[in-house]
>>> print(open('protein.txt').read())   # compact mmCIF, C-alpha atoms
# COMPACT_ATOMS: atom_id res chain seq x y z
CA MET A 1 110.03 73.01 106.61
CA ALA A 2 106.38 72.55 107.61
CA THR A 3 103.81 75.09 106.47
CA LYS A 4 102.82 77.32 109.41
CA ILE A 5 99.17 78.22 109.91
CA LEU A 6 97.78 80.68 112.44
CA VAL A 7 94.27 79.96 113.73
CA VAL A 8 92.52 83.00 115.24
CA GLU A 9 89.36 81.54 116.79
CA ASP A 10 87.83 82.15 120.23
CA GLU A 11 85.64 79.03 120.33
CA GLU A 12 88.02 76.61 121.99
CA LYS A 13 86.37 73.42 120.72
CA ILE A 14 86.47 74.62 117.11
CA ALA A 15 90.02 75.90 117.44
CA ARG A 16 91.23 72.64 118.98
CA PHE A 17 89.45 70.57 116.33
CA ILE A 18 91.08 72.60 113.54
CA GLU A 19 94.46 72.38 115.24
CA LEU A 20 94.35 68.60 115.53
CA GLU A 21 93.19 68.08 111.95
CA LEU A 22 95.79 70.44 110.50
CA GLU A 23 98.59 68.89 112.53
CA TYR A 24 97.48 65.45 111.32
CA GLU A 25 97.91 66.79 107.75
CA GLY A 26 101.46 67.86 108.54
CA TYR A 27 100.92 71.59 109.12
CA GLN A 28 102.52 73.46 112.00
CA VAL A 29 99.74 75.25 113.88
CA GLU A 30 99.47 78.04 116.42
CA LYS A 31 96.13 79.18 117.74
CA VAL A 32 95.02 82.29 119.58
CA ALA A 33 91.61 83.37 120.88
CA ASP A 34 92.06 87.14 121.22
CA GLY A 35 91.75 89.51 118.27
CA ARG A 36 94.55 91.89 119.19
CA GLN A 37 96.98 89.09 119.92
CA GLY A 38 95.96 87.43 116.67
CA LEU A 39 96.74 90.63 114.75
CA ASP A 40 100.19 90.91 116.32
CA MET A 41 100.98 87.30 115.48
CA ALA A 42 99.66 87.60 111.91
CA LEU A 43 101.87 90.64 111.33
CA SER A 44 104.93 88.87 112.70
CA GLY A 45 105.59 87.41 109.26
CA GLY A 46 106.06 83.91 110.57
CA PHE A 47 102.98 82.29 109.00
CA ASP A 48 102.13 80.95 105.56
CA LEU A 49 98.36 81.27 106.04
CA VAL A 50 95.86 82.67 108.55
CA LEU A 51 92.46 81.21 109.45
CA LEU A 52 90.55 84.18 110.86
CA ASP A 53 87.22 84.13 112.66
CA ILE A 54 85.02 87.23 112.35
CA MET A 55 83.56 87.43 115.86
CA LEU A 56 86.47 87.80 118.25
CA PRO A 57 87.11 89.51 121.58
CA GLY A 58 89.36 92.54 121.53
CA LEU A 59 89.23 93.19 117.77
CA ASN A 60 86.88 91.73 115.15
CA GLY A 61 88.12 89.73 112.20
CA VAL A 62 87.27 92.30 109.51
CA GLU A 63 89.30 94.99 111.29
CA ILE A 64 92.16 92.55 111.81
CA LEU A 65 92.14 91.76 108.09
CA ARG A 66 92.12 95.47 107.19
CA ARG A 67 95.23 96.04 109.30
CA ILE A 68 96.94 92.90 107.99
CA ARG A 69 96.46 94.06 104.40
CA LYS A 70 98.24 97.32 105.13
CA GLY A 71 101.51 95.47 105.52
CA SER A 72 101.18 91.83 104.51
CA ASP A 73 99.89 89.66 101.65
CA VAL A 74 99.71 86.48 103.74
CA PRO A 75 96.74 84.36 102.55
CA VAL A 76 93.72 84.77 104.83
CA ILE A 77 90.66 82.51 104.96
CA MET A 78 87.76 83.98 106.92
CA LEU A 79 85.57 81.81 109.16
CA THR A 80 82.00 83.18 109.09
CA ALA A 81 78.58 82.40 110.49
CA ARG A 82 76.11 80.90 108.03
CA ASP A 83 73.88 84.01 107.77
CA ALA A 84 76.62 86.67 107.95
CA VAL A 85 76.43 87.76 104.29
CA MET A 86 77.77 91.25 104.96
CA ASP A 87 80.70 89.79 106.90
CA LYS A 88 81.63 87.75 103.82
CA VAL A 89 81.33 90.78 101.55
CA SER A 90 83.35 92.96 103.92
CA GLY A 91 86.03 90.32 104.27
CA LEU A 92 86.43 89.85 100.51
CA ASP A 93 86.44 93.61 99.95
CA MET A 94 89.19 93.96 102.53
CA GLY A 95 91.35 91.40 100.74
CA ALA A 96 90.43 88.00 102.15
CA ASP A 97 91.54 85.17 99.87
CA ASP A 98 88.55 82.99 100.71
CA TYR A 99 85.91 82.33 103.34
CA ILE A 100 84.25 79.25 104.73
CA THR A 101 80.93 79.07 106.56
CA LYS A 102 80.46 77.43 109.94
CA PRO A 103 79.73 74.61 110.46
CA PHE A 104 82.04 73.22 107.81
CA ALA A 105 83.44 69.85 106.82
CA ILE A 106 87.15 69.60 107.56
CA GLU A 107 87.72 68.22 104.04
CA GLU A 108 86.38 71.47 102.56
CA LEU A 109 88.59 73.58 104.80
CA LEU A 110 91.66 71.52 103.89
CA ALA A 111 90.85 71.91 100.18
CA ARG A 112 90.54 75.67 100.51
CA ILE A 113 93.82 75.86 102.42
CA ARG A 114 95.61 73.86 99.72
CA LEU A 115 94.16 76.10 97.00
CA CYS A 116 95.27 79.30 98.75
CA LEU A 117 98.76 77.94 99.30
CA ARG A 118 99.04 76.80 95.67
CA LYS A 119 97.97 80.23 94.43
CA ARG A 120 100.56 81.91 96.60
CA ALA A 121 103.29 79.52 95.49
CA ALA A 122 102.36 80.03 91.82
CA GLY A 123 102.44 83.79 92.27
CA ALA A 124 105.88 83.64 93.83
CA ALA A 125 107.24 81.29 91.18
CA GLU A 126 105.76 83.12 88.20
CA PRO A 127 105.77 86.87 88.78
CA GLU A 128 103.35 88.69 86.54
CA GLU A 129 104.87 90.32 83.50
CA THR A 130 103.99 94.00 83.44
CA GLY A 131 104.44 94.40 79.66
CA ASN A 132 102.81 97.71 78.80
CA ALA A 133 101.49 98.12 82.31
CA LEU A 134 101.44 101.56 83.91
CA THR A 135 102.64 101.66 87.49
CA CYS A 136 102.93 103.95 90.47
CA GLY A 137 104.34 102.24 93.53
CA ALA A 138 102.24 99.13 94.16
CA LEU A 139 99.51 100.36 91.79
CA VAL A 140 99.46 98.57 88.41
CA LEU A 141 97.16 99.31 85.46
CA HIS A 142 97.01 97.03 82.41
CA PRO A 143 95.51 99.02 79.49
CA GLU A 144 94.94 96.02 77.19
CA ARG A 145 93.32 93.87 79.87
CA HIS A 146 91.44 96.80 81.42
CA GLU A 147 92.61 95.68 84.87
CA VAL A 148 93.86 97.60 87.89
CA ALA A 149 95.39 96.18 91.06
CA TYR A 150 97.08 97.55 94.14
CA ASP A 151 99.71 95.24 95.63
CA GLY A 152 97.97 92.32 93.90
CA THR A 153 94.48 93.23 95.12
CA PRO A 154 92.09 93.95 92.22
CA VAL A 155 90.55 97.43 92.06
CA GLU A 156 87.14 97.61 90.39
CA LEU A 157 86.72 100.78 88.31
CA THR A 158 84.09 102.06 85.90
CA SER A 159 85.17 102.76 82.32
CA ARG A 160 85.44 106.50 83.00
CA GLU A 161 87.38 105.99 86.23
CA PHE A 162 89.73 103.67 84.38
CA ALA A 163 90.28 106.19 81.59
CA LEU A 164 90.98 108.97 84.09
CA LEU A 165 93.46 106.85 86.04
CA GLN A 166 95.15 105.70 82.84
CA THR A 167 95.58 109.31 81.71
CA LEU A 168 97.10 110.28 85.06
CA LEU A 169 99.46 107.29 85.02
CA GLU A 170 100.51 107.96 81.42
CA ASN A 171 101.58 111.38 82.67
CA LYS A 172 103.03 110.31 86.02
CA ASN A 173 104.71 113.21 87.86
CA ILE A 174 103.19 115.70 85.37
CA VAL A 175 100.45 117.99 86.67
CA LEU A 176 97.37 117.91 84.42
CA GLY A 177 94.81 120.70 84.56
CA ARG A 178 91.07 120.06 84.69
CA ASP A 179 90.59 121.28 81.11
CA THR A 180 93.27 118.90 79.87
CA LEU A 181 91.68 115.98 81.71
CA LEU A 182 88.23 116.92 80.38
CA GLU A 183 89.54 116.91 76.82
CA ARG A 184 91.45 113.63 77.11
CA VAL A 185 88.93 111.64 79.16
CA TRP A 186 85.53 113.13 78.30
CA GLY A 187 86.29 114.53 74.85
CA TYR A 188 86.36 117.97 73.26
CA ASP A 189 82.59 118.10 72.85
CA TYR A 190 81.76 117.39 76.51
CA MET A 191 78.94 119.71 77.61
CA GLY A 192 78.36 118.55 81.19
CA GLU A 193 79.32 120.04 84.56
CA THR A 194 82.88 121.35 84.66
CA ASN A 195 83.43 119.91 88.16
CA VAL A 196 83.06 116.35 86.84
CA VAL A 197 86.85 115.90 87.03
CA ASP A 198 86.83 116.68 90.76
CA VAL A 199 83.97 114.23 91.29
CA TYR A 200 85.79 111.39 89.52
CA ILE A 201 89.04 112.17 91.31
CA ARG A 202 87.12 111.63 94.55
CA TYR A 203 85.83 108.31 93.22
CA LEU A 204 89.38 107.18 92.43
CA ARG A 205 90.70 108.28 95.80
CA SER A 206 87.97 106.38 97.62
CA LYS A 207 88.84 103.19 95.71
CA ILE A 208 92.64 103.51 95.85
CA ASP A 209 94.07 106.11 98.25
CA ASP A 210 91.49 105.68 101.00
CA LYS A 211 91.08 101.92 100.64
CA PHE A 212 94.80 101.15 100.71
CA ASP A 213 95.85 104.06 102.96
CA VAL A 214 98.15 105.66 100.39
CA LYS A 215 98.41 109.15 98.84
CA LEU A 216 99.08 108.64 95.14
CA ILE A 217 96.59 111.09 93.59
CA LYS A 218 97.63 114.58 94.60
CA THR A 219 96.00 117.98 94.15
CA VAL A 220 98.11 120.92 93.01
CA ARG A 221 96.06 123.92 94.07
CA GLY A 222 95.07 126.21 91.24
CA VAL A 223 96.57 123.87 88.63
CA GLY A 224 95.12 120.35 88.65
CA TYR A 225 96.00 116.79 89.59
CA VAL A 226 99.06 114.54 89.43
CA VAL A 227 99.96 110.97 90.31
CA ARG A 228 103.20 110.65 92.27
CA GLU A 229 104.66 107.88 94.39
CA GLU A 230 104.72 108.55 98.11
>>> encode(input="protein.txt", output="structure tokens")
Amino acid sequence: MATKILVVEDEEKIARFIELELEYEGYQVEKVADGRQGLDMALSGGFDLVLLDIMLPGLNGVEILRRIRKGSDVPVIMLTARDAVMDKVSGLDMGADDYITKPFAIEELLARIRLCLRKRAAGAAEPEETGNALTCGALVLHPERHEVAYDGTPVELTSREFALLQTLLENKNIVLGRDTLLERVWGYDYMGETNVVDVYIRYLRSKIDDKFDVKLIKTVRGVGYVVREE
């Protein structure tokens, strides 16, 4: 069965050029010029990869990507303007697999498509061994490798944030008080502000709960904090 690629691009000449080149390479292609329609089609589950322009009518590419990542891990390559640095950063932060700058050589685009498809195939064929990993739903923390990911998307944490999350995951479903967290994460001799735990809980929520629209880190009023699956 041919690999299916969705092209979400409102510049007709560019979209048609990409369509013809991809079809020549044996891919099955559908193209759409409107952002909202592109989002609906991307979420349909019928595509192996999405080429997504940033500037689109109806809904911009970064917002489309954010909504895609709530329910799909389909590879997405962003198409960006040459000087749109923040668009590239936003796209990668939202979970884009790659980006390519316009104007681009078709050979480069084809190479990036092949790489994304190979990575996805390798991930499906060789699922990651969790080993001593700590998990909560789609959240995975590897203590030895000092890595955290949510549904395969890396989460960048500071050393203290990592230690706090690890402590919560090691005690999943157990409510830990602020004093307990201070002792285990900051040490018995910590002499700083006592609200530091609350501050770092907010940091973790911004990088995990808020970013991925989940509620894993919960507050138990008057007691402390706990990690539970939704």
>>> residues_near_point(input="protein.txt", point="(100.7, 72.3, 116.3)", cutoff="12 Å", atoms="all atoms listed in the file", output="list in words")
Ala2, Thr3, Lys4, Ile5, Leu6, Val7, Ala15, Arg16, Phe17, Ile18, Glu19, Leu20, Glu21, Leu22, Glu23, Tyr24, Glu25, Gly26, Tyr27, Gln28, Val29, Glu30, Lys31 and Val32 of chain A
>>> closest_residue(input="protein.txt", among="A:Arg67, A:Lys218, A:Lys102, A:Arg114", to="Leu168 of chain A", atoms="only C-alpha atoms")
A:Lys218
>>> atom_distance(input="protein.txt", atom1="atom CA of Val199 of chain A", atom2="atom CA of Glu147 of chain A")
21.4 Å
>>> atom_distance(input="protein.txt", atom1="atom CA of Lys211 of chain A", atom2="atom CA of Thr153 of chain A")
10.8 Å
>>> residues_around(input="protein.txt", residues="segment 58-63 of chain A", least_positions_apart="3", cutoff="12 Å", atoms="all atoms listed in the file", output="ChimeraX atom specification")
/A:7-10,32-40,42,50-55,66-70,76-80,86-96,99
>>> atom_distance(input="protein.txt", atom1="atom CA of Pro154 of chain A", atom2="atom CA of Asp98 of chain A")
14.3 Å
>>> residues_around(input="protein.txt", residues="segment 177-185 of chain A", least_positions_apart="5", cutoff="6 Å", atoms="only C-alpha atoms", output="list in words")
Leu164, Val223 and Gly224 of chain A
>>> closest_residue(input="protein.txt", among="A:Thr219, A:Thr135, A:Ser72, A:Ser44", to="Leu176 of chain A", atoms="all atoms listed in the file")
A:Thr219
>>> residues_around(input="protein.txt", residues="Cys116 of chain A", least_positions_apart="3", cutoff="9 Å", atoms="all atoms listed in the file", output="PyMOL selection string")
chain A and resi 49+75-77+97-98+111-113+119-121
